[in-house]
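Text of the file input_12.pdb, holding PDB, C-alpha atoms:
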ATOM      1  CA  MET A1058      65.405  -9.875   1.348
ATOM      2  CA  GLY A1059      64.595 -11.254   4.809
ATOM      3  CA  HIS A1060      66.895 -13.749   6.455
ATOM      4  CA  ARG A1061      65.962 -17.431   6.701
ATOM      5  CA  VAL A1062      65.198 -19.110   9.997
ATOM      6  CA  GLY A1063      65.827 -22.740  10.709
ATOM      7  CA  LYS A1064      63.031 -25.181  11.542
ATOM      8  CA  GLY A1065      63.889 -25.231  15.242
ATOM      9  CA  ALA A1066      63.789 -21.449  15.525
ATOM     10  CA  SER A1067      60.399 -21.337  13.719
ATOM     11  CA  ALA A1068      58.866 -23.775  16.177
ATOM     12  CA  VAL A1069      60.122 -21.745  19.130
ATOM     13  CA  ALA A1070      58.710 -18.561  17.608
ATOM     14  CA  VAL A1071      55.275 -20.108  17.072
ATOM     15  CA  VAL A1072      55.144 -21.437  20.650
ATOM     16  CA  ALA A1073      56.218 -18.039  21.977
ATOM     17  CA  LEU A1074      53.486 -16.362  19.914
ATOM     18  CA  LEU A1075      50.789 -18.702  21.223
ATOM     19  CA  VAL A1076      51.955 -18.288  24.803
ATOM     20  CA  GLY A1077      52.005 -14.524  24.397
ATOM     21  CA  CYS A1078      48.335 -14.503  23.252
ATOM     22  CA  ALA A1079      47.093 -16.660  26.093
ATOM     23  CA  GLY A1080      46.206 -15.395  29.570
ATOM     24  CA  PRO A1081      46.504 -17.314  32.803
ATOM     25  CA  THR A1082      44.201 -20.341  33.043
ATOM     26  CA  ASP A1083      42.944 -22.460  35.918
ATOM     27  CA  GLY A1084      43.112 -25.661  33.936
ATOM     28  CA  ASP A1085      39.346 -25.729  33.202
ATOM     29  CA  LEU A1086      38.625 -24.738  29.615
ATOM     30  CA  THR A1087      34.817 -24.642  29.930
ATOM     31  CA  ASP A1088      33.834 -22.546  32.938
ATOM     32  CA  ASP A1089      35.060 -19.155  31.634
ATOM     33  CA  TRP A1090      32.823 -19.008  28.513
ATOM     34  CA  GLY A1091      29.514 -17.135  28.694
ATOM     35  CA  ALA A1092      26.401 -18.804  27.296
ATOM     36  CA  LEU A1093      25.659 -17.987  23.656
ATOM     37  CA  PRO A1094      22.429 -16.001  23.140
ATOM     38  CA  ALA A1095      19.448 -18.026  21.967
ATOM     39  CA  ALA A1096      18.741 -17.799  18.241
ATOM     40  CA  SER A1097      15.834 -15.465  17.544
ATOM     41  CA  PRO A1098      13.466 -15.575  14.554
ATOM     42  CA  PHE A1099      14.038 -13.169  11.675
ATOM     43  CA  THR A1100      12.011  -9.950  11.902
ATOM     44  CA  PRO A1101      12.162  -7.243   9.195
ATOM     45  CA  GLU A1102      12.638  -3.553   9.919
ATOM     46  CA  ALA A1103      10.244  -0.657   9.353
ATOM     47  CA  GLY A1104      11.313   2.556   7.652
ATOM     48  CA  VAL A1105      13.497   0.813   5.069
ATOM     49  CA  CYS A1106      12.992   0.080   1.374
ATOM     50  CA  GLN A1107      13.371  -2.898  -0.945
ATOM     51  CA  VAL A1108      14.556  -2.980  -4.534
ATOM     52  CA  ALA A1109      12.647  -6.196  -5.228
ATOM     53  CA  ASP A1110       8.919  -6.284  -5.945
ATOM     54  CA  ALA A1111       6.329  -6.589  -3.198
ATOM     55  CA  THR A1112       5.566 -10.092  -1.998
ATOM     56  CA  ALA A1113       2.899 -11.761   0.125
ATOM     57  CA  GLN A1114       5.489 -13.954   1.872
ATOM     58  CA  ALA A1115       8.891 -12.572   2.834
ATOM     59  CA  THR A1116      11.954 -14.708   3.514
ATOM     60  CA  LEU A1117      15.264 -13.943   5.179
ATOM     61  CA  ALA A1118      17.132 -15.057   2.048
ATOM     62  CA  ALA A1119      15.338 -12.440  -0.081
ATOM     63  CA  TYR A1120      15.475  -9.681   2.536
ATOM     64  CA  GLN A1121      17.821  -6.962   1.269
ATOM     65  CA  PRO A1122      16.820  -3.614   2.806
ATOM     66  CA  VAL A1123      18.244  -0.392   1.361
ATOM     67  CA  GLU A1124      18.040   3.283   2.206
ATOM     68  CA  CYS A1125      15.007   4.891   0.596
ATOM     69  CA  THR A1126      17.306   7.343  -1.199
ATOM     70  CA  VAL A1127      18.314   4.389  -3.388
ATOM     71  CA  PRO A1128      15.975   3.534  -6.315
ATOM     72  CA  HIS A1129      13.451   1.034  -4.940
ATOM     73  CA  ARG A1130       9.992  -0.456  -5.452
ATOM     74  CA  VAL A1131       8.772  -1.094  -1.900
ATOM     75  CA  GLU A1132       8.800   0.880   1.345
ATOM     76  CA  THR A1133       8.024  -0.794   4.678
ATOM     77  CA  VAL A1134       5.994   1.613   6.797
ATOM     78  CA  HIS A1135       5.258  -0.654   9.783
ATOM     79  CA  VAL A1136       6.006  -4.107  11.198
ATOM     80  CA  GLY A1137       3.475  -5.611  13.594
ATOM     81  CA  THR A1138       3.121  -8.888  15.466
ATOM     82  CA  PHE A1139       0.384 -11.509  15.338
ATOM     83  CA  SER A1140      -0.978 -12.096  18.813
ATOM     84  CA  THR A1141      -1.994 -15.724  18.343
ATOM     85  CA  GLY A1142       0.268 -18.724  18.729
ATOM     86  CA  GLN A1143      -1.173 -20.755  15.865
ATOM     87  CA  SER A1144       1.120 -23.234  14.168
ATOM     88  CA  GLY A1145       0.628 -22.047  10.588
ATOM     89  CA  SER A1146       0.311 -18.796   8.666
ATOM     90  CA  PRO A1147      -3.149 -17.225   8.978
ATOM     91  CA  ALA A1148      -5.581 -17.995   6.163
ATOM     92  CA  ALA A1149      -6.561 -15.252   3.714
ATOM     93  CA  ASP A1150     -10.000 -14.743   5.244
ATOM     94  CA  SER A1151      -8.974 -15.266   8.879
ATOM     95  CA  ALA A1152      -9.606 -12.772  11.656
ATOM     96  CA  ASP A1153      -5.833 -12.579  12.259
ATOM     97  CA  LEU A1154      -5.048 -11.514   8.708
ATOM     98  CA  ARG A1155      -7.969  -9.104   8.581
ATOM     99  CA  GLY A1156      -6.763  -7.556  11.824
ATOM    100  CA  ALA A1157      -3.258  -7.197  10.402
ATOM    101  CA  PHE A1158      -4.600  -5.520   7.255
ATOM    102  CA  ALA A1159      -6.732  -3.126   9.320
ATOM    103  CA  ASP A1160      -3.630  -2.126  11.282
ATOM    104  CA  CYS A1161      -1.613  -1.667   8.076
ATOM    105  CA  ASP A1162      -4.448   0.370   6.576
ATOM    106  CA  VAL A1163      -4.406   2.877   9.448
ATOM    107  CA  ARG A1164      -0.617   2.935   9.831
ATOM    108  CA  SER A1165      -0.033   3.493   6.118
ATOM    109  CA  SER A1166      -2.516   6.347   5.894
ATOM    110  CA  THR A1167      -0.925   8.004   8.918
ATOM    111  CA  TYR A1168       2.518   7.516   7.344
ATOM    112  CA  VAL A1169       1.666   9.225   4.047
ATOM    113  CA  GLY A1170      -0.543  11.919   5.596
ATOM    114  CA  ALA A1171      -3.910  10.924   4.092
ATOM    115  CA  ASP A1172      -5.855   7.821   3.137
ATOM    116  CA  TRP A1173      -3.304   5.993   0.963
ATOM    117  CA  ARG A1174      -6.099   5.292  -1.548
ATOM    118  CA  ALA A1175      -6.211   9.022  -2.285
ATOM    119  CA  GLY A1176      -2.930   8.629  -4.142
ATOM    120  CA  ARG A1177      -1.242   6.452  -6.729
ATOM    121  CA  LEU A1178      -0.277   3.995  -4.011
ATOM    122  CA  ARG A1179      -0.882   0.336  -3.287
ATOM    123  CA  LEU A1180      -0.749  -1.297   0.129
ATOM    124  CA  TRP A1181       0.692  -4.791   0.500
ATOM    125  CA  LEU A1182       0.599  -7.095   3.507
ATOM    126  CA  ALA A1183       3.552  -9.494   3.805
ATOM    127  CA  VAL A1184       3.832 -12.378   6.284
ATOM    128  CA  PRO A1185       6.580 -14.935   7.014
ATOM    129  CA  SER A1186       7.065 -17.864   4.666
ATOM    130  CA  PRO A1187       5.978 -21.303   5.943
ATOM    131  CA  SER A1188       9.589 -22.073   6.922
ATOM    132  CA  GLY A1189       9.880 -18.732   8.697
ATOM    133  CA  TRP A1190       6.634 -19.342  10.543
ATOM    134  CA  ALA A1191       7.879 -22.787  11.584
ATOM    135  CA  ALA A1192      11.051 -21.119  12.920
ATOM    136  CA  GLY A1193       8.978 -18.849  15.151
ATOM    137  CA  SER A1194       8.437 -15.675  13.100
ATOM    138  CA  ARG A1195       5.083 -14.052  13.923
ATOM    139  CA  TRP A1196       5.353 -10.642  12.256
ATOM    140  CA  TYR A1197       3.416  -8.953   9.502
ATOM    141  CA  ARG A1198       4.839  -6.230   7.308
ATOM    142  CA  CYS A1199       2.986  -3.206   5.892
ATOM    143  CA  ASP A1200       4.476  -2.245   2.514
ATOM    144  CA  LEU A1201       3.609   0.602   0.146
ATOM    145  CA  THR A1202       4.452   0.949  -3.528
ATOM    146  CA  GLU A1203       3.973   3.831  -5.922
ATOM    147  CA  VAL A1204       2.030   2.838  -9.047
ATOM    148  CA  THR A1205       1.447   4.510 -12.400
ATOM    149  CA  THR A1206      -2.320   4.697 -11.876
ATOM    150  CA  ALA A1207      -4.931   3.643  -9.329
ATOM    151  CA  GLU A1208      -6.617   1.572 -12.023
ATOM    152  CA  ALA A1209      -6.299  -2.175 -12.495
ATOM    153  CA  GLY A1210      -3.189  -3.254 -14.352
ATOM    154  CA  ALA A1211      -1.061  -0.441 -12.935
ATOM    155  CA  GLU A1212       2.712  -0.805 -13.007
ATOM    156  CA  VAL A1213       4.976  -0.323 -10.005
ATOM    157  CA  VAL A1214       7.192   2.774 -10.156
ATOM    158  CA  LEU A1215      10.910   2.546  -9.396
ATOM    159  CA  ARG A1216      11.188   5.596  -7.140
ATOM    160  CA  THR A1217      13.643   7.379  -4.876
ATOM    161  CA  GLY A1218      12.794   9.073  -1.597
ATOM    162  CA  SER A1219      10.540   8.072   1.269
ATOM    163  CA  LEU A1220       6.732   8.091   1.093
ATOM    164  CA  ARG A1221       6.478   9.598   4.571
ATOM    165  CA  GLY A1222       4.099  12.557   4.233
ATOM    166  CA  ALA A1223       3.907  11.950   0.476
ATOM    167  CA  LEU A1224       0.178  12.764   0.159
ATOM    168  CA  ALA A1225       0.384  16.322   1.427
ATOM    169  CA  ASP A1226      -1.744  18.866  -0.437
ATOM    170  CA  GLY A1227      -0.374  19.525  -3.883
ATOM    171  CA  SER A1228       1.528  16.246  -4.098
ATOM    172  CA  PRO A1229       1.759  14.819  -7.645
ATOM    173  CA  LEU A1230       0.940  11.441  -6.108
ATOM    174  CA  ARG A1231      -2.556  12.568  -5.103
ATOM    175  CA  LEU A1232      -5.441  11.517  -7.315
ATOM    176  CA  GLY A1233      -7.198  14.448  -8.938
ATOM    177  CA  CYS A1234      -8.633  15.151 -12.345
ATOM    178  CA  GLN A1235      -9.019  12.279 -14.781
ATOM    179  CA  GLN A1236      -9.892  11.602 -18.395
ATOM    180  CA  SER A1237     -12.180   8.642 -18.908
ATOM    181  CA  GLY A1238     -11.906   5.943 -21.541
ATOM    182  CA  PRO A1239     -15.331   4.601 -22.592
ATOM    183  CA  ASP A1240     -16.415   0.995 -22.473
ATOM    184  CA  ARG A1241     -18.679  -0.716 -25.015
ATOM    185  CA  GLY A1242     -21.785  -0.082 -22.939
ATOM    186  CA  GLY A1243     -21.343   3.681 -22.805
ATOM    187  CA  GLY A1244     -19.830   3.697 -19.312
ATOM    188  CA  VAL A1245     -16.261   4.187 -18.128
ATOM    189  CA  ASP A1246     -13.612   1.576 -18.791
ATOM    190  CA  THR A1247     -10.454   3.403 -17.687
ATOM    191  CA  LEU A1248      -9.438   6.583 -15.902
ATOM    192  CA  ARG A1249      -6.214   8.383 -16.764
ATOM    193  CA  PRO A1250      -4.737  11.099 -14.507
ATOM    194  CA  VAL A1251      -4.508  14.511 -16.183
ATOM    195  CA  ASP A1252      -3.647  18.052 -15.157
ATOM    196  CA  CYS A1253      -6.788  19.824 -13.969
ATOM    197  CA  ARG A1254      -5.883  22.767 -16.206
ATOM    198  CA  SER A1255      -6.519  20.584 -19.264
ATOM    199  CA  ARG A1256      -9.981  19.557 -20.428
ATOM    200  CA  HIS A1257     -11.256  16.449 -18.665
ATOM    201  CA  ASP A1258     -14.473  14.702 -17.722
ATOM    202  CA  ALA A1259     -13.829  13.050 -14.333
ATOM    203  CA  GLU A1260     -12.292  13.735 -10.930
ATOM    204  CA  PHE A1261     -11.446  11.773  -7.803
ATOM    205  CA  VAL A1262     -13.640  12.930  -4.902
ATOM    206  CA  GLY A1263     -12.768  10.649  -1.980
ATOM    207  CA  VAL A1264     -12.918   7.209  -0.399
ATOM    208  CA  TRP A1265     -16.139   5.628   0.842
ATOM    209  CA  ARG A1266     -15.850   2.864   3.421
ATOM    210  CA  ALA A1267     -18.147  -0.020   2.546
ATOM    211  CA  PRO A1268     -19.778  -2.055   5.333
ATOM    212  CA  ASP A1269     -18.529  -5.536   6.154
ATOM    213  CA  ARG A1270     -20.577  -7.559   3.708
ATOM    214  CA  PRO A1271     -19.840 -10.038   0.871
ATOM    215  CA  TYR A1272     -18.119  -8.779  -2.243
ATOM    216  CA  PRO A1273     -20.647  -7.331  -4.726
ATOM    217  CA  THR A1274     -21.516  -9.681  -7.563
ATOM    218  CA  VAL A1275     -25.008  -8.609  -8.724
ATOM    219  CA  ASP A1276     -26.632  -5.223  -9.328
ATOM    220  CA  ALA A1277     -28.334  -5.167  -5.943
ATOM    221  CA  ASP A1278     -24.970  -5.640  -4.222
ATOM    222  CA  TRP A1279     -23.498  -2.673  -6.081
ATOM    223  CA  ALA A1280     -26.279  -0.243  -5.174
ATOM    224  CA  PRO A1281     -24.858   0.691  -1.721
ATOM    225  CA  LEU A1282     -21.445   1.424  -3.270
ATOM    226  CA  TYR A1283     -22.961   3.797  -5.821
ATOM    227  CA  ALA A1284     -25.038   5.478  -3.136
ATOM    228  CA  GLY A1285     -22.000   5.880  -0.911
ATOM    229  CA  CYS A1286     -19.925   7.402  -3.713
ATOM    230  CA  ARG A1287     -22.729   9.772  -4.659
ATOM    231  CA  SER A1288     -22.664  11.080  -1.109
ATOM    232  CA  GLU A1289     -18.905  11.587  -1.451
ATOM    233  CA  ILE A1290     -19.518  13.565  -4.647
ATOM    234  CA  ALA A1291     -22.123  15.760  -2.945
ATOM    235  CA  ARG A1292     -19.739  16.515  -0.106
ATOM    236  CA  PHE A1293     -16.814  17.199  -2.444
ATOM    237  CA  ALA A1294     -18.686  19.411  -4.914
ATOM    238  CA  GLU A1295     -20.951  21.020  -2.291
ATOM    239  CA  VAL A1296     -24.209  20.145  -4.001
ATOM    240  CA  PRO A1297     -27.382  18.696  -2.407
ATOM    241  CA  ASP A1298     -27.211  14.987  -1.606
ATOM    242  CA  ASP A1299     -30.722  14.310  -2.885
ATOM    243  CA  PRO A1300     -32.404  12.716  -5.934
ATOM    244  CA  THR A1301     -31.351  15.653  -8.148
ATOM    245  CA  LEU A1302     -27.695  14.616  -7.749
ATOM    246  CA  ARG A1303     -28.162  11.950 -10.431
ATOM    247  CA  LEU A1304     -29.228  14.710 -12.832
ATOM    248  CA  ARG A1305     -26.189  16.855 -12.049
ATOM    249  CA  VAL A1306     -23.335  14.393 -12.374
ATOM    250  CA  ASP A1307     -22.563  10.717 -12.933
ATOM    251  CA  VAL A1308     -20.418   8.485 -10.759
ATOM    252  CA  VAL A1309     -17.585   5.973 -11.224
ATOM    253  CA  VAL A1310     -17.024   3.416  -8.460
ATOM    254  CA  ARG A1311     -13.701   1.637  -7.982
ATOM    255  CA  PRO A1312     -13.790  -0.953  -5.162
ATOM    256  CA  PRO A1313     -10.805  -3.127  -4.205
ATOM    257  CA  SER A1314     -10.450  -6.505  -5.888
ATOM    258  CA  ALA A1315     -12.306  -9.524  -4.513
ATOM    259  CA  GLY A1316      -9.085 -10.851  -2.985
ATOM    260  CA  ARG A1317      -8.346  -7.621  -1.157
ATOM    261  CA  TRP A1318     -11.989  -7.412  -0.093
ATOM    262  CA  GLY A1319     -11.589 -10.852   1.489
ATOM    263  CA  VAL A1320      -8.702  -9.664   3.661
ATOM    264  CA  GLY A1321     -10.764  -6.696   4.865
ATOM    265  CA  ASP A1322     -10.117  -3.853   2.414
ATOM    266  CA  ARG A1323     -13.349  -1.821   2.312
ATOM    267  CA  GLY A1324     -12.039   1.424   0.833
ATOM    268  CA  VAL A1325     -13.932   2.329  -2.355
ATOM    269  CA  ARG A1326     -12.450   5.042  -4.577
ATOM    270  CA  CYS A1327     -15.137   7.422  -5.825
ATOM    271  CA  TYR A1328     -15.029   9.632  -8.938
ATOM    272  CA  LEU A1329     -17.475  12.144 -10.366
ATOM    273  CA  TRP A1330     -17.989  11.770 -14.095
ATOM    274  CA  LEU A1331     -19.426  14.171 -16.639
ATOM    275  CA  SER A1332     -20.802  11.916 -19.342
ATOM    276  CA  ASP A1333     -21.980  14.831 -21.507
ATOM    277  CA  ARG A1334     -19.189  17.402 -21.357
ATOM    278  CA  GLN A1335     -15.636  18.317 -20.360
ATOM    279  CA  VAL A1336     -14.396  21.032 -18.016
ATOM    280  CA  THR A1337     -11.185  22.713 -16.973
ATOM    281  CA  GLY A1338     -10.262  23.151 -13.338
ATOM    282  CA  SER A1339     -11.314  21.170 -10.292
ATOM    283  CA  LEU A1340     -14.972  20.796  -9.339
ATOM    284  CA  GLN A1341     -14.227  20.769  -5.619
ATOM    285  CA  GLY A1342     -16.696  23.146  -4.008
ATOM    286  CA  ALA A1343     -18.227  23.877  -7.422
ATOM    287  CA  GLY A1344     -21.772  24.143  -6.079
ATOM    288  CA  PRO A1345     -25.051  23.949  -8.050
ATOM    289  CA  ALA A1346     -24.031  26.742 -10.408
ATOM    290  CA  ARG A1347     -21.255  24.703 -12.031
ATOM    291  CA  LEU A1348     -23.154  21.435 -11.672
ATOM    292  CA  PRO A1349     -26.700  22.368 -12.670
ATOM    293  CA  VAL A1350     -29.546  19.869 -12.981
ATOM    294  CA  ARG A1351     -29.490  18.525 -16.532
ATOM    295  CA  ASN A1352     -32.644  18.107 -18.566
ATOM    296  CA  ARG A1353     -31.725  14.613 -19.636
TER     297      ARG A1353
END

Spit out the file's structure as structure tokens when you get a sec.
Amino acid sequence: MGHRVGKGASAVAVVALLVGCAGPTDGDLTDDWGALPAASPFTPEAGVCQVADATAQATLAAYQPVECTVPHRVETVHVGTFSTGQSGSPAADSADLRGAFADCDVRSSTYVGADWRAGRLRLWLAVPSPSGWAAGSRWYRCDLTEVTTAEAGAEVVLRTGSLRGALADGSPLRLGCQQSGPDRGGGVDTLRPVDCRSRHDAEFVGVWRAPDRPYPTVDADWAPLYAGCRSEIARFAEVPDDPTLRLRVDVVVRPPSAGRWGVGDRGVRCYLWLSDRQVTGSLQGAGPARLPVRNR
């Protein structure tokens, strides 16, 4: 047990402790303090991951970066800065937002080692919330997620490990052979990734960049997309890009959604489709022998 100290001794001890912690002063308690740094707006980091789902507007309160070795849904591949000093967040169809998406498009493809659309990946563009913008934040964030399929309605994958270089040759994330699901009109409704060693009727061939024009809504608008994807098929399969191509193979066109088109996404996924048969193995470099002109 410790010994007890009287009230007078305690007071002396406290005064002695305070005096011992204090250095010499000149009597002015304000001139020895440095100025506090100015508060700076919140800016996220690149090269980190997020457990939460992707979002179009990111807030400081919801910002909880983790190492990419931890299970996560989102990976930030780049953080850029808007060059304009406008008072509010850029509109969906503004030149500022389109410029940010174009930067994210290039940066993300460089990050994963190929056009990100060539894999089961989705690119997201996040900007500050209205309160963050009012506080001075002017960044945009380029986020990638792994998805179960490149088709509409895909689910986000809870993954571990970084996506840096993830689309190298042979990567399981790369789009390849597919099995189609028919629609009521005899076309293709869905595409499901399959091993090329199994029998299948479709295959991803590449990405065609559409020109800057309104989103296709009528048949005439779709014609350039089909023509562009047919050229991608000819290049991929090494067959003539001429009128006989339609008699060799069919085509499936997968453009971005209208909303993504509005922000500047012009990457169209292109697939060859064999409406009359199934094959095993890839048709890359197949040539006219494996893709002969059909009689019907």

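With distances restricted to only C-alpha atoms, A:Asp1200 is the closest residue to Arg1130 in chain A from A:Asp1172, A:Asp1153, A:Asp1160, A:Asp1200.
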
Item to complete: Convert the output of the PyMOL selection byres ((chain A and resi 1306) around 12) on the shown file into explicit residues, formatted as an MDAnalysis selection string.
Response: chainID A and resid 1258:1260 1286:1288 1290:1291 1294 1296:1298 1300:1305 1307:1309 1328:1335 1340 1343:1345 1347:1353

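The closest residue to Tyr1168 in chain A, picked from A:Ala1183, A:Val1204, A:Cys1125, A:Ala1225 and counting all atoms listed in the file, is A:Ala1225.
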
Would you tabulate, counting all atoms listed in the file, all residues of range 1239-1313 of chain A that have an atom at most 10 Å from an atom of range 1226-1234 of chain A, showing the closest pair of atoms and their distance in Å to one decimal, sorted by chain then ascending number, as CSV?
residue,atom,partner,partner_atom,distance
A:Leu1248,CA,A:Cys1234,CA,9.3
A:Arg1249,CA,A:Cys1234,CA,8.4
A:Pro1250,CA,A:Cys1234,CA,6.0
A:Val1251,CA,A:Cys1234,CA,5.7
A:Asp1252,CA,A:Cys1234,CA,6.4
A:Cys1253,CA,A:Cys1234,CA,5.3
A:Arg1254,CA,A:Cys1234,CA,9.0
A:Ser1255,CA,A:Cys1234,CA,9.0
A:Arg1256,CA,A:Cys1234,CA,9.3
A:His1257,CA,A:Cys1234,CA,7.0
A:Asp1258,CA,A:Cys1234,CA,8.0
A:Ala1259,CA,A:Cys1234,CA,5.9
A:Glu1260,CA,A:Cys1234,CA,4.2
A:Phe1261,CA,A:Gly1233,CA,5.1
A:Val1262,CA,A:Gly1233,CA,7.8
A:Gly1263,CA,A:Leu1232,CA,9.1

Practice prompt. Specify as a ChimeraX atom specification each residue included when the PyMOL selection byres ((chain A and resi 1099-1107) around 9) is applied to this file.
Written response: /A:1097-1098,1108-1111,1115-1117,1120-1136,1185,1189,1192-1200,1219

Fill in: Which of A:Gly1137, A:Gly1342, A:Gly1243, A:Gly1316 sits closest to Pro1271 in chain A [using only C-alpha atoms]
A:Gly1316

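In terms of minimum interatomic distance to Thr1206 in chain A, A:Ala1175 ranks closest within A:Ala1267, A:Val1325, A:Ala1175, A:Leu1224, counting all atoms listed in the file.
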
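Evaluated on this file, the PyMOL selection byres ((chain A and resi 1322) around 9) matches Arg1155, Phe1158, Ala1159, Asp1162, Arg1266, Ala1267, Pro1312, Pro1313, Ser1314, Gly1316, Arg1317, Trp1318, Gly1319, Val1320, Gly1321, Arg1323, Gly1324 and Val1325 of chain A.
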
Worksheet item: In Å, how far is it from CA of Thr1202 in chain A to CA of Arg1221 in chain A?
Response: 12.0 Å

Discussion item. I'd like to know which of A:Gly1242, A:Pro1187, A:Gly1170, A:Pro1281 is closest to Ser1146 in chain A, using only C-alpha atoms.
Written reply: A:Pro1187

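Take CA of Val1163 in chain A and CA of Gly1176 in chain A: the distance between them is 14.8 Å.
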
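Minimum distance to Ser1144 in chain A across A:Trp1181, A:Trp1190, A:Phe1293, A:Trp1173 (counting only C-alpha atoms) occurs at A:Trp1190.
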
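What separates CA of Leu1180 in chain A from CA of Thr1167 in chain A is a distance of 12.8 Å.
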